[in-house]
$ cat query_11.cif   # mmCIF, N, CA and C atoms
data_entry
loop_
_atom_site.label_atom_id
_atom_site.label_comp_id
_atom_site.auth_asym_id
_atom_site.auth_seq_id
_atom_site.Cartn_x
_atom_site.Cartn_y
_atom_site.Cartn_z
N VAL A 1 -9.21 -61.29 12.27
CA VAL A 1 -8.26 -61.41 11.18
C VAL A 1 -9.06 -61.60 9.88
N TYR A 2 -8.72 -60.79 8.90
CA TYR A 2 -9.36 -60.88 7.59
C TYR A 2 -8.37 -61.42 6.58
N GLU A 3 -8.80 -62.39 5.81
CA GLU A 3 -7.99 -62.88 4.70
C GLU A 3 -8.29 -61.98 3.51
N ILE A 4 -7.26 -61.41 2.93
CA ILE A 4 -7.42 -60.52 1.79
C ILE A 4 -6.82 -61.19 0.57
N ASP A 5 -7.63 -61.30 -0.47
CA ASP A 5 -7.16 -61.91 -1.72
C ASP A 5 -5.98 -61.13 -2.29
N PRO A 6 -5.05 -61.84 -2.93
CA PRO A 6 -3.88 -61.17 -3.50
C PRO A 6 -4.23 -60.10 -4.54
N ASP A 7 -5.37 -60.22 -5.21
CA ASP A 7 -5.72 -59.22 -6.22
C ASP A 7 -6.65 -58.13 -5.67
N ALA A 8 -6.86 -58.11 -4.35
CA ALA A 8 -7.68 -57.07 -3.73
C ALA A 8 -6.86 -55.80 -3.54
N ARG A 9 -7.56 -54.67 -3.49
CA ARG A 9 -6.92 -53.37 -3.29
C ARG A 9 -7.30 -52.84 -1.91
N VAL A 10 -6.29 -52.35 -1.16
CA VAL A 10 -6.47 -51.88 0.21
C VAL A 10 -6.02 -50.42 0.31
N VAL A 11 -6.78 -49.61 1.04
CA VAL A 11 -6.40 -48.23 1.30
C VAL A 11 -6.48 -47.99 2.81
N ILE A 12 -5.61 -47.13 3.33
CA ILE A 12 -5.59 -46.81 4.76
C ILE A 12 -6.01 -45.35 4.91
N VAL A 13 -6.96 -45.10 5.81
CA VAL A 13 -7.39 -43.73 6.10
C VAL A 13 -6.61 -43.23 7.31
N PRO A 14 -6.56 -41.90 7.53
CA PRO A 14 -5.85 -41.37 8.69
C PRO A 14 -6.35 -42.00 9.99
N PHE A 15 -5.42 -42.26 10.89
CA PHE A 15 -5.78 -42.81 12.20
C PHE A 15 -6.50 -41.73 13.01
N LYS A 16 -7.51 -42.13 13.73
CA LYS A 16 -8.22 -41.21 14.64
C LYS A 16 -7.47 -41.21 15.96
N GLU A 17 -7.20 -40.02 16.48
CA GLU A 17 -6.54 -39.94 17.77
C GLU A 17 -7.35 -39.07 18.72
N PRO A 18 -7.21 -39.27 20.03
CA PRO A 18 -8.05 -38.60 21.02
C PRO A 18 -8.01 -37.07 21.00
N ASP A 19 -6.92 -36.48 20.55
CA ASP A 19 -6.78 -35.02 20.60
C ASP A 19 -7.51 -34.29 19.47
N PHE A 20 -8.09 -35.04 18.51
CA PHE A 20 -8.76 -34.43 17.37
C PHE A 20 -10.15 -35.03 17.20
N ALA A 21 -11.12 -34.17 16.95
CA ALA A 21 -12.50 -34.63 16.77
C ALA A 21 -12.67 -35.38 15.45
N ASN A 22 -11.83 -35.06 14.46
CA ASN A 22 -11.96 -35.66 13.14
C ASN A 22 -10.62 -36.26 12.73
N ARG A 23 -10.64 -37.50 12.28
CA ARG A 23 -9.41 -38.20 11.89
C ARG A 23 -8.63 -37.45 10.82
N TRP A 24 -9.31 -36.71 9.97
CA TRP A 24 -8.66 -36.02 8.87
C TRP A 24 -7.85 -34.81 9.32
N ASP A 25 -8.08 -34.34 10.55
CA ASP A 25 -7.39 -33.16 11.07
C ASP A 25 -6.07 -33.48 11.77
N SER A 26 -5.79 -34.74 12.03
CA SER A 26 -4.65 -35.12 12.85
C SER A 26 -3.37 -35.33 12.03
N PRO A 27 -2.35 -34.48 12.23
CA PRO A 27 -1.07 -34.71 11.55
C PRO A 27 -0.46 -36.06 11.93
N THR A 28 -0.54 -36.41 13.21
CA THR A 28 0.00 -37.70 13.65
C THR A 28 -0.79 -38.86 13.05
N GLY A 29 -2.10 -38.70 12.98
CA GLY A 29 -2.95 -39.74 12.37
C GLY A 29 -2.61 -39.96 10.92
N ASN A 30 -2.31 -38.88 10.20
CA ASN A 30 -1.89 -39.00 8.81
C ASN A 30 -0.53 -39.68 8.70
N GLU A 31 0.38 -39.29 9.57
CA GLU A 31 1.72 -39.90 9.54
C GLU A 31 1.65 -41.40 9.84
N MET A 32 0.85 -41.77 10.82
CA MET A 32 0.71 -43.19 11.16
C MET A 32 0.09 -43.98 10.01
N ALA A 33 -0.88 -43.38 9.34
CA ALA A 33 -1.51 -44.05 8.20
C ALA A 33 -0.52 -44.20 7.04
N GLU A 34 0.29 -43.18 6.83
CA GLU A 34 1.29 -43.26 5.76
C GLU A 34 2.32 -44.35 6.06
N LEU A 35 2.79 -44.41 7.30
CA LEU A 35 3.76 -45.45 7.67
C LEU A 35 3.15 -46.85 7.58
N THR A 36 1.90 -46.98 7.94
CA THR A 36 1.20 -48.27 7.82
C THR A 36 1.08 -48.65 6.36
N THR A 37 0.77 -47.67 5.52
CA THR A 37 0.67 -47.92 4.08
C THR A 37 2.00 -48.44 3.54
N LEU A 38 3.10 -47.78 3.90
CA LEU A 38 4.42 -48.22 3.43
C LEU A 38 4.75 -49.62 3.92
N ASN A 39 4.40 -49.92 5.16
CA ASN A 39 4.64 -51.25 5.72
C ASN A 39 3.84 -52.31 4.96
N LEU A 40 2.58 -52.03 4.67
CA LEU A 40 1.77 -53.00 3.94
C LEU A 40 2.22 -53.14 2.49
N ILE A 41 2.69 -52.05 1.88
CA ILE A 41 3.22 -52.15 0.52
C ILE A 41 4.41 -53.11 0.49
N ARG A 42 5.28 -53.00 1.51
CA ARG A 42 6.47 -53.87 1.57
C ARG A 42 6.13 -55.30 1.94
N ASN A 43 5.13 -55.50 2.81
CA ASN A 43 4.93 -56.82 3.40
C ASN A 43 3.61 -57.50 3.06
N GLY A 44 2.67 -56.78 2.46
CA GLY A 44 1.37 -57.37 2.18
C GLY A 44 1.38 -58.22 0.93
N ASP A 45 0.48 -59.18 0.88
CA ASP A 45 0.34 -60.04 -0.30
C ASP A 45 -0.85 -59.58 -1.14
N PHE A 46 -1.10 -58.28 -1.16
CA PHE A 46 -2.22 -57.70 -1.89
C PHE A 46 -1.80 -56.30 -2.32
N GLU A 47 -2.60 -55.69 -3.18
CA GLU A 47 -2.26 -54.34 -3.66
C GLU A 47 -2.65 -53.30 -2.62
N VAL A 48 -1.74 -52.39 -2.33
CA VAL A 48 -2.00 -51.30 -1.38
C VAL A 48 -1.95 -49.98 -2.14
N ILE A 49 -3.00 -49.20 -2.01
CA ILE A 49 -3.07 -47.92 -2.70
C ILE A 49 -2.13 -46.94 -1.99
N PRO A 50 -1.23 -46.30 -2.73
CA PRO A 50 -0.28 -45.36 -2.11
C PRO A 50 -1.00 -44.27 -1.32
N TYR A 51 -0.42 -43.87 -0.21
CA TYR A 51 -1.05 -42.89 0.66
C TYR A 51 -1.19 -41.52 -0.01
N ARG A 52 -0.39 -41.24 -1.01
CA ARG A 52 -0.52 -39.97 -1.71
C ARG A 52 -1.91 -39.82 -2.33
N ARG A 53 -2.56 -40.96 -2.68
CA ARG A 53 -3.93 -40.90 -3.20
C ARG A 53 -4.89 -40.39 -2.13
N VAL A 54 -4.65 -40.74 -0.88
CA VAL A 54 -5.48 -40.25 0.22
C VAL A 54 -5.19 -38.77 0.45
N ILE A 55 -3.92 -38.40 0.42
CA ILE A 55 -3.53 -36.99 0.60
C ILE A 55 -4.15 -36.12 -0.50
N GLU A 56 -4.24 -36.64 -1.71
CA GLU A 56 -4.82 -35.88 -2.82
C GLU A 56 -6.28 -35.51 -2.56
N LEU A 57 -6.95 -36.28 -1.72
CA LEU A 57 -8.36 -35.99 -1.41
C LEU A 57 -8.50 -34.66 -0.68
N TYR A 58 -7.45 -34.23 0.03
CA TYR A 58 -7.49 -32.94 0.73
C TYR A 58 -7.66 -31.78 -0.24
N GLY A 59 -7.13 -31.90 -1.43
CA GLY A 59 -7.21 -30.82 -2.40
C GLY A 59 -8.33 -30.98 -3.41
N SER A 60 -9.12 -32.03 -3.27
CA SER A 60 -10.18 -32.30 -4.23
C SER A 60 -11.29 -31.26 -4.14
N GLU A 61 -11.69 -30.75 -5.29
CA GLU A 61 -12.81 -29.81 -5.31
C GLU A 61 -14.14 -30.54 -5.19
N LYS A 62 -14.15 -31.83 -5.50
CA LYS A 62 -15.38 -32.62 -5.45
C LYS A 62 -15.75 -33.05 -4.04
N GLU A 63 -14.77 -33.23 -3.18
CA GLU A 63 -14.98 -33.82 -1.86
C GLU A 63 -14.59 -32.88 -0.73
N ASP A 64 -15.38 -32.88 0.33
CA ASP A 64 -14.96 -32.26 1.58
C ASP A 64 -14.36 -33.40 2.40
N VAL A 65 -13.06 -33.47 2.47
CA VAL A 65 -12.36 -34.61 3.05
C VAL A 65 -12.84 -34.91 4.48
N ARG A 66 -13.20 -33.88 5.22
CA ARG A 66 -13.60 -34.09 6.63
C ARG A 66 -14.92 -34.86 6.75
N THR A 67 -15.69 -34.93 5.68
CA THR A 67 -16.98 -35.64 5.74
C THR A 67 -16.91 -37.04 5.14
N LEU A 68 -15.75 -37.41 4.59
CA LEU A 68 -15.64 -38.72 3.95
C LEU A 68 -15.70 -39.86 4.95
N LYS A 69 -16.52 -40.82 4.67
CA LYS A 69 -16.60 -42.06 5.45
C LYS A 69 -15.68 -43.08 4.77
N PRO A 70 -15.31 -44.16 5.47
CA PRO A 70 -14.45 -45.17 4.85
C PRO A 70 -14.99 -45.69 3.51
N ARG A 71 -16.28 -45.90 3.41
CA ARG A 71 -16.82 -46.40 2.13
C ARG A 71 -16.64 -45.36 1.01
N ASP A 72 -16.67 -44.06 1.37
CA ASP A 72 -16.44 -43.01 0.37
C ASP A 72 -15.00 -43.05 -0.12
N VAL A 73 -14.08 -43.23 0.81
CA VAL A 73 -12.66 -43.31 0.44
C VAL A 73 -12.43 -44.52 -0.46
N ALA A 74 -13.05 -45.64 -0.12
CA ALA A 74 -12.95 -46.84 -0.97
C ALA A 74 -13.46 -46.55 -2.38
N ALA A 75 -14.57 -45.84 -2.47
CA ALA A 75 -15.16 -45.55 -3.77
C ALA A 75 -14.25 -44.65 -4.62
N VAL A 76 -13.71 -43.60 -4.02
CA VAL A 76 -12.90 -42.65 -4.82
C VAL A 76 -11.50 -43.17 -5.10
N THR A 77 -11.02 -44.16 -4.34
CA THR A 77 -9.69 -44.72 -4.60
C THR A 77 -9.77 -46.09 -5.26
N ASP A 78 -10.99 -46.57 -5.49
CA ASP A 78 -11.22 -47.89 -6.11
C ASP A 78 -10.63 -49.03 -5.27
N ALA A 79 -10.83 -48.93 -3.95
CA ALA A 79 -10.32 -49.96 -3.03
C ALA A 79 -11.42 -50.97 -2.68
N ASP A 80 -10.98 -52.19 -2.40
CA ASP A 80 -11.90 -53.23 -1.95
C ASP A 80 -12.02 -53.24 -0.42
N PHE A 81 -10.94 -52.84 0.26
CA PHE A 81 -10.90 -52.82 1.72
C PHE A 81 -10.34 -51.48 2.19
N VAL A 82 -10.83 -51.02 3.35
CA VAL A 82 -10.32 -49.80 3.97
C VAL A 82 -9.85 -50.17 5.37
N VAL A 83 -8.62 -49.79 5.70
CA VAL A 83 -8.10 -50.00 7.04
C VAL A 83 -8.41 -48.74 7.85
N VAL A 84 -9.16 -48.93 8.95
CA VAL A 84 -9.58 -47.82 9.82
C VAL A 84 -9.05 -48.12 11.21
N CYS A 85 -8.20 -47.25 11.74
CA CYS A 85 -7.63 -47.45 13.08
C CYS A 85 -7.90 -46.24 13.95
N ASP A 86 -8.21 -46.50 15.21
CA ASP A 86 -8.41 -45.44 16.19
C ASP A 86 -7.43 -45.63 17.33
N VAL A 87 -6.69 -44.57 17.65
CA VAL A 87 -5.81 -44.60 18.81
C VAL A 87 -6.68 -44.17 19.99
N THR A 88 -6.78 -45.01 21.00
CA THR A 88 -7.62 -44.69 22.14
C THR A 88 -6.84 -44.13 23.31
N ARG A 89 -5.54 -44.46 23.36
CA ARG A 89 -4.71 -43.97 24.46
C ARG A 89 -3.24 -44.03 24.05
N TRP A 90 -2.52 -42.97 24.37
CA TRP A 90 -1.07 -42.94 24.13
C TRP A 90 -0.35 -43.34 25.42
N ASP A 91 0.63 -44.23 25.30
CA ASP A 91 1.51 -44.61 26.42
C ASP A 91 2.94 -44.40 26.02
#

$ encode --input "query_11.cif" --output "structure tokens"
Amino acid sequence: VYEIDPDARVVIVPFKEPDFANRWDSPTGNEMAELTTLNLIRNGDFEVIPYRRVIELYGSEKEDVRTLKPRDVAAVTDADFVVVCDVTRWD
């Protein structure tokens, strides 16, 4: 459990799922990240960067989204924390 300061900024990257080699390729991973973002916006005691900022990275001429690491996403979205989730098994 991490305590996040109220003035910290948090961004969520697409969830990695077993059916895709890269988290950025998964439609379900993107949907889960977007829903998590909305949940944290409603319930978190800190600033959450809207998921549309992550989606905008797909069209960026500066970045190849598939090569972005969490620290890269933090840098381009000006986030203090990055939420990274991996789905290991679907039930």

$ closest_atom_pairs --input "query_11.cif" --of "stretch 47-68 of chain A" --to "stretch 28-42 of chain A" --cutoff "7 Å" --atoms "only N, CA and C atoms" --output "JSON lines"
{"residue": "A:Glu47", "atom": "C", "partner": "A:Ile41", "partner_atom": "CA", "distance": 6.8}
{"residue": "A:Val48", "atom": "CA", "partner": "A:Ile41", "partner_atom": "CA", "distance": 5.6}
{"residue": "A:Ile49", "atom": "C", "partner": "A:Thr37", "partner_atom": "CA", "distance": 6.8}
{"residue": "A:Pro50", "atom": "C", "partner": "A:Thr37", "partner_atom": "CA", "distance": 6.7}
{"residue": "A:Tyr51", "atom": "CA", "partner": "A:Glu34", "partner_atom": "CA", "distance": 5.6}

$ closest_residue --input "query_11.cif" --among "A:Asp64, A:Glu3, A:Pro14, A:Ala8" --to "A:Asp80" --atoms "all atoms listed in the file"
A:Ala8

$ closest_residue --input "query_11.cif" --among "A:Ile55, A:Thr88, A:Arg23, A:Val10" --to "A:Ala74" --atoms "all atoms listed in the file"
A:Val10

$ atom_distance --input "query_11.cif" --atom1 "atom CA of A:Glu56" --atom2 "atom CA of A:Pro6"
25.3 Å

$ atom_distance --input "query_11.cif" --atom1 "atom N of A:Asp72" --atom2 "atom C of A:Asp25"
18.2 Å

$ atom_distance --input "query_11.cif" --atom1 "atom CA of A:Cys85" --atom2 "atom N of A:Arg71"
13.1 Å

$ residues_around --input "query_11.cif" --residues "A:Glu63" --least-positions-apart "3" --cutoff "12 Å" --atoms "only C-alpha atoms" --output "list of chain:residue names"
A:Val54, A:Glu56, A:Leu57, A:Tyr58, A:Gly59, A:Ser60, A:Arg66, A:Thr67, A:Leu68, A:Lys69, A:Asp72, A:Val73, A:Ala75, A:Val76
